>>> print(open('coords-v9.tsv').read())   # TSV, C-alpha atoms and all ligand atoms
chain	number	residue	atom	x	y	z
A	1	MET	CA	0.00	0.00	0.00
A	2	ALA	CA	1.10	3.54	-0.58
A	3	ILE	CA	-0.05	7.03	0.17
A	4	ARG	CA	-0.96	8.87	-3.01
A	5	THR	CA	-0.84	12.61	-3.56
A	6	ILE	CA	-4.22	14.28	-3.18
A	7	ARG	CA	-4.96	16.69	-6.02
A	8	THR	CA	-6.21	20.04	-4.81
A	9	ASP	CA	-7.86	23.30	-5.76
A	10	GLU	CA	-7.45	24.25	-9.41
A	11	ASP	CA	-6.07	20.90	-10.61
A	12	PRO	CA	-8.03	20.35	-13.86
A	13	ILE	CA	-8.39	16.61	-13.23
A	14	LEU	CA	-10.91	17.41	-10.48
A	15	ARG	CA	-13.25	18.80	-13.15
A	16	LYS	CA	-13.20	15.79	-15.46
A	17	THR	CA	-15.71	12.96	-15.69
A	18	SER	CA	-14.37	9.59	-14.56
A	19	ARG	CA	-14.74	6.46	-16.65
A	20	VAL	CA	-16.60	3.28	-15.76
A	21	VAL	CA	-14.35	0.45	-14.55
A	22	GLU	CA	-14.67	-2.49	-16.95
A	23	VAL	CA	-12.14	-4.91	-15.47
A	24	ILE	CA	-11.16	-5.21	-11.82
A	25	ASN	CA	-7.50	-6.15	-12.16
A	26	ASP	CA	-4.49	-5.91	-9.83
A	27	ARG	CA	-4.03	-2.24	-10.68
A	28	ILE	CA	-7.57	-1.49	-9.50
A	29	LEU	CA	-7.07	-3.51	-6.31
A	30	THR	CA	-3.85	-1.62	-5.57
A	31	LEU	CA	-5.67	1.65	-6.26
A	32	LEU	CA	-8.42	0.67	-3.78
A	33	ASP	CA	-5.81	-0.15	-1.11
A	34	ASP	CA	-3.91	3.07	-1.74
A	35	MET	CA	-7.09	5.17	-1.70
A	36	ALA	CA	-8.14	3.73	1.68
A	37	GLU	CA	-4.69	4.36	3.12
A	38	THR	CA	-4.57	7.88	1.69
A	39	MET	CA	-8.04	8.69	3.04
A	40	HIS	CA	-7.24	7.39	6.52
A	41	GLU	CA	-3.91	9.17	6.65
A	42	ALA	CA	-5.60	12.45	5.67
A	43	GLU	CA	-8.39	11.81	8.22
A	44	GLY	CA	-11.06	12.12	5.55
A	45	VAL	CA	-14.40	10.27	5.54
A	46	GLY	CA	-14.31	9.66	1.80
A	47	LEU	CA	-12.08	9.78	-1.24
A	48	ALA	CA	-12.75	9.48	-4.97
A	49	ALA	CA	-10.21	8.20	-7.52
A	50	PRO	CA	-9.92	11.51	-9.42
A	51	GLN	CA	-8.70	13.06	-6.17
A	52	VAL	CA	-5.58	10.93	-6.51
A	53	GLY	CA	-5.33	11.62	-10.23
A	54	VAL	CA	-7.11	8.54	-11.60
A	55	LEU	CA	-10.22	9.13	-13.73
A	56	LYS	CA	-12.04	5.94	-12.78
A	57	ARG	CA	-15.43	5.56	-11.08
A	58	ILE	CA	-14.13	4.36	-7.70
A	59	ILE	CA	-14.81	5.77	-4.24
A	60	VAL	CA	-13.87	4.74	-0.72
A	61	LEU	CA	-15.65	5.83	2.46
A	62	ASP	CA	-15.20	5.48	6.17
A	63	VAL	CA	-17.43	7.50	8.46
A	64	GLY	CA	-16.21	5.57	11.49
A	65	GLU	CA	-18.20	2.40	10.80
A	66	GLY	CA	-15.57	0.64	8.71
A	67	LEU	CA	-14.22	0.90	5.19
A	68	ILE	CA	-16.62	0.83	2.24
A	69	GLU	CA	-15.27	0.41	-1.29
A	70	MET	CA	-17.48	1.16	-4.29
A	71	ILE	CA	-16.66	0.59	-7.92
A	72	ASN	CA	-19.00	2.18	-10.49
A	73	PRO	CA	-21.37	3.51	-7.79
A	74	GLU	CA	-24.81	4.69	-8.89
A	75	ILE	CA	-27.50	6.34	-6.82
A	76	LEU	CA	-30.80	4.48	-7.21
A	77	GLU	CA	-33.01	6.45	-4.84
A	78	ILE	CA	-32.81	9.54	-2.69
A	79	ALA	CA	-35.12	10.67	0.10
A	80	GLY	CA	-35.41	13.60	2.46
A	81	GLU	CA	-33.01	16.44	2.90
A	82	GLN	CA	-30.17	17.39	5.25
A	83	CYS	CA	-28.39	20.69	5.45
A	84	GLY	CA	-24.97	20.72	7.05
A	85	PRO	CA	-21.29	21.58	6.98
A	86	GLU	CA	-19.04	20.02	4.39
A	87	GLY	CA	-15.38	20.10	3.46
A	88	CYS	CA	-13.13	18.29	1.02
A	89	LEU	CA	-9.56	16.98	1.05
A	90	SER	CA	-9.16	18.54	-2.40
A	91	VAL	CA	-10.37	21.98	-1.25
A	92	PRO	CA	-8.42	22.20	2.01
A	93	GLU	CA	-8.91	25.91	2.63
A	94	GLN	CA	-12.71	25.94	2.46
A	95	SER	CA	-15.78	24.62	4.18
A	96	GLY	CA	-19.42	25.45	3.71
A	97	THR	CA	-23.04	24.45	4.02
A	98	VAL	CA	-24.47	21.99	1.50
A	99	ILE	CA	-27.96	20.50	1.17
A	100	ARG	CA	-27.88	16.75	0.52
A	101	PRO	CA	-30.43	13.94	0.60
A	102	GLN	CA	-31.02	12.52	4.09
A	103	ARG	CA	-31.06	8.98	2.73
A	104	VAL	CA	-29.68	7.35	-0.39
A	105	LYS	CA	-29.84	3.90	-1.88
A	106	VAL	CA	-26.82	3.14	-4.00
A	107	LYS	CA	-25.56	0.20	-6.04
A	108	ALA	CA	-21.95	-0.59	-6.87
A	109	LEU	CA	-19.47	-3.40	-7.42
A	110	ASN	CA	-17.13	-4.62	-4.71
A	111	ARG	CA	-13.51	-5.64	-5.32
A	112	HIS	CA	-14.64	-9.18	-6.19
A	113	HIS	CA	-16.77	-7.85	-9.04
A	114	GLU	CA	-19.96	-8.58	-7.12
A	115	ALA	CA	-22.86	-6.14	-7.30
A	116	PHE	CA	-24.26	-4.89	-4.01
A	117	GLU	CA	-26.74	-2.32	-2.80
A	118	LEU	CA	-26.40	-0.11	0.23
A	119	GLU	CA	-28.87	2.11	2.03
A	120	ALA	CA	-27.27	4.98	3.90
A	121	GLU	CA	-28.40	7.98	5.87
A	122	ASP	CA	-27.00	11.02	7.66
A	123	LEU	CA	-23.23	11.45	7.29
A	124	LEU	CA	-22.73	8.35	5.14
A	125	ALA	CA	-25.45	9.50	2.70
A	126	ARG	CA	-23.78	12.91	2.54
A	127	ALA	CA	-20.34	11.39	1.97
A	128	ILE	CA	-21.61	9.07	-0.80
A	129	CYS	CA	-23.21	11.99	-2.65
A	130	HIS	CA	-20.07	14.10	-2.22
A	131	GLU	CA	-17.78	11.35	-3.54
A	132	ILE	CA	-20.01	10.43	-6.49
A	133	ASP	CA	-20.06	14.14	-7.41
A	134	HIS	CA	-16.26	13.94	-7.71
A	135	LEU	CA	-16.69	11.25	-10.39
A	136	ASN	CA	-18.67	13.79	-12.39
A	137	GLY	CA	-16.26	16.69	-11.88
A	138	ILE	CA	-18.47	18.40	-9.30
A	139	LEU	CA	-17.00	19.91	-6.14
A	140	PHE	CA	-18.96	20.78	-2.99
A	141	THR	CA	-18.07	24.42	-3.54
A	142	ASP	CA	-20.36	24.32	-6.63
A	143	LEU	CA	-23.30	23.45	-4.35
A	144	MET	CA	-22.36	25.48	-1.29
A	145	LEU	CA	-25.01	27.85	0.06
A	146	SER	CA	-24.11	31.47	0.64
A	147	GLU	CA	-24.21	32.59	4.28
A	148	GLU	CA	-27.57	34.30	3.66
A	149	GLU	CA	-29.02	31.17	2.04
A	150	ALA	CA	-27.76	28.97	4.88
A	151	GLU	CA	-29.32	31.27	7.48
A	152	ALA	CA	-32.61	31.41	5.59
A	153	TYR	CA	-32.64	27.62	5.30
A	154	GLU	CA	-31.96	27.16	9.00
A	155	LYS	CA	-34.72	29.59	9.91
A	156	ALA	CA	-37.23	27.93	7.55
A	157	SER	CA	-36.45	24.42	8.80
A	158	ALA	CA	-36.64	25.55	12.44
A	159	GLU	CA	-40.14	26.90	11.77
A	160	GLU	CA	-41.13	23.76	9.91
A	161	GLY	CA	-39.74	21.65	12.75
A	162	SER	CA	-41.78	23.44	15.41
A	163	GLU	CA	-44.97	22.88	13.39
A	164	GLU	CA	-44.27	19.21	12.88
A	165	ARG	CA	-43.26	18.48	16.43
A	166	SER	CA	-46.85	17.84	17.51
A	167	ASP	CA	-46.79	14.12	16.57
A	201	ZN	ZN	-14.24	15.88	-1.80
>>> encode(input="coords-v9.tsv", output="structure tokens")
Amino acid sequence: MAIRTIRTDEDPILRKTSRVVEVINDRILTLLDDMAETMHEAEGVGLAAPQVGVLKRIIVLDVGEGLIEMINPEILEIAGEQCGPEGCLSVPEQSGTVIRPQRVKVKALNRHHEAFELEAEDLLARAICHEIDHLNGILFTDLMLSEEEAEAYEKASAEEGSEERSD
């Protein structure tokens, strides 16, 4: 295993669309191992292959519940909404508020070329959406709310919450 260099900021590779993985060979397995090691070393909760300079549809995640590897991940369903803080190993100087689905159902291949489905919520759902965005050249800063928008959202959801709290 090896730590790979995380591409940051204006690196054009972060804006490209990653390609579907057709064959899971030794190079892909090494990439998966290196991505997990790189993510853990950087104390991130997720990492996408383009962040280490490889334009392939591969992400790794670990929100504290163990490592998840996904090859060719695809979101099947989304539900609900969450609004919260987000950052990115590739945009180290910034953080901001992003609205994401509260729950996602996603399918992917594992390293043994087996298809699996995963239902995730809260932080894991957020991380999955963030990492899949990387595969499409999208950064969280593209989706980030302005301070005014974030305040307005918080206010609106607080009001909504107080109305719904009767059940
Ligand atoms: Zn990121």
>>> closest_residue(input="coords-v9.tsv", among="A:Val91, A:Leu29, A:Ile68, A:Val23", to="Ile128 in chain A", atoms="all atoms listed in the file")
A:Ile68
>>> closest_atom_pairs(input="coords-v9.tsv", of="chain A", to="ligand ZN 201 (chain A)", cutoff="8 Å", atoms="all atoms listed in the file", output="tab-separated table")
residue	atom	partner	partner_atom	distance
A:Gly46	CA	A:ZN201	ZN	7.2
A:Leu47	CA	A:ZN201	ZN	6.5
A:Ala48	CA	A:ZN201	ZN	7.3
A:Gln51	CA	A:ZN201	ZN	7.6
A:Gly87	CA	A:ZN201	ZN	6.8
A:Cys88	CA	A:ZN201	ZN	3.9
A:Leu89	CA	A:ZN201	ZN	5.6
A:Ser90	CA	A:ZN201	ZN	5.8
A:Val91	CA	A:ZN201	ZN	7.2
A:His130	CA	A:ZN201	ZN	6.1
A:Glu131	CA	A:ZN201	ZN	6.0
A:His134	CA	A:ZN201	ZN	6.5
A:Leu139	CA	A:ZN201	ZN	6.5
A:Phe140	CA	A:ZN201	ZN	6.9
>>> atom_distance(input="coords-v9.tsv", atom1="CA of Lys16 in chain A", atom2="CA of Thr97 in chain A")
23.5 Å
>>> residues_around(input="coords-v9.tsv", residues="range 73-79 of chain A", least_positions_apart="5", cutoff="12 Å", atoms="only C-alpha atoms", output="JSON, numbers by chain")
{"A": [18, 19, 20, 21, 48, 56, 57, 58, 59, 60, 61, 68, 100, 101, 102, 103, 104, 105, 106, 107, 108, 109, 110, 115, 116, 117, 118, 119, 120, 121, 122, 125, 126, 128, 129, 130, 131, 132, 133, 134, 135, 136]}
>>> write_last_selection(input="coords-v9.tsv", atoms="C-alpha atoms", output="compact mmCIF listing (two decimals), in the frame of the given file")
# COMPACT_ATOMS: atom_id res chain seq x y z
CA SER A 18 -14.37 9.59 -14.56
CA ARG A 19 -14.74 6.46 -16.65
CA VAL A 20 -16.60 3.28 -15.76
CA VAL A 21 -14.35 0.45 -14.55
CA ALA A 48 -12.75 9.48 -4.97
CA LYS A 56 -12.04 5.94 -12.78
CA ARG A 57 -15.43 5.56 -11.08
CA ILE A 58 -14.13 4.36 -7.70
CA ILE A 59 -14.81 5.77 -4.24
CA VAL A 60 -13.87 4.74 -0.72
CA LEU A 61 -15.65 5.83 2.46
CA ILE A 68 -16.62 0.83 2.24
CA ARG A 100 -27.88 16.75 0.52
CA PRO A 101 -30.43 13.94 0.60
CA GLN A 102 -31.02 12.52 4.09
CA ARG A 103 -31.06 8.98 2.73
CA VAL A 104 -29.68 7.35 -0.39
CA LYS A 105 -29.84 3.90 -1.88
CA VAL A 106 -26.82 3.14 -4.00
CA LYS A 107 -25.56 0.20 -6.04
CA ALA A 108 -21.95 -0.59 -6.87
CA LEU A 109 -19.47 -3.40 -7.42
CA ASN A 110 -17.13 -4.62 -4.71
CA ALA A 115 -22.86 -6.14 -7.30
CA PHE A 116 -24.26 -4.89 -4.01
CA GLU A 117 -26.74 -2.32 -2.80
CA LEU A 118 -26.40 -0.11 0.23
CA GLU A 119 -28.87 2.11 2.03
CA ALA A 120 -27.27 4.98 3.90
CA GLU A 121 -28.40 7.98 5.87
CA ASP A 122 -27.00 11.02 7.66
CA ALA A 125 -25.45 9.50 2.70
CA ARG A 126 -23.78 12.91 2.54
CA ILE A 128 -21.61 9.07 -0.80
CA CYS A 129 -23.21 11.99 -2.65
CA HIS A 130 -20.07 14.10 -2.22
CA GLU A 131 -17.78 11.35 -3.54
CA ILE A 132 -20.01 10.43 -6.49
CA ASP A 133 -20.06 14.14 -7.41
CA HIS A 134 -16.26 13.94 -7.71
CA LEU A 135 -16.69 11.25 -10.39
CA ASN A 136 -18.67 13.79 -12.39
>>> atom_distance(input="coords-v9.tsv", atom1="CA of Thr5 in chain A", atom2="CA of Gly66 in chain A")
22.6 Å
>>> atom_distance(input="coords-v9.tsv", atom1="CA of Ile28 in chain A", atom2="CA of Ile6 in chain A")
17.3 Å
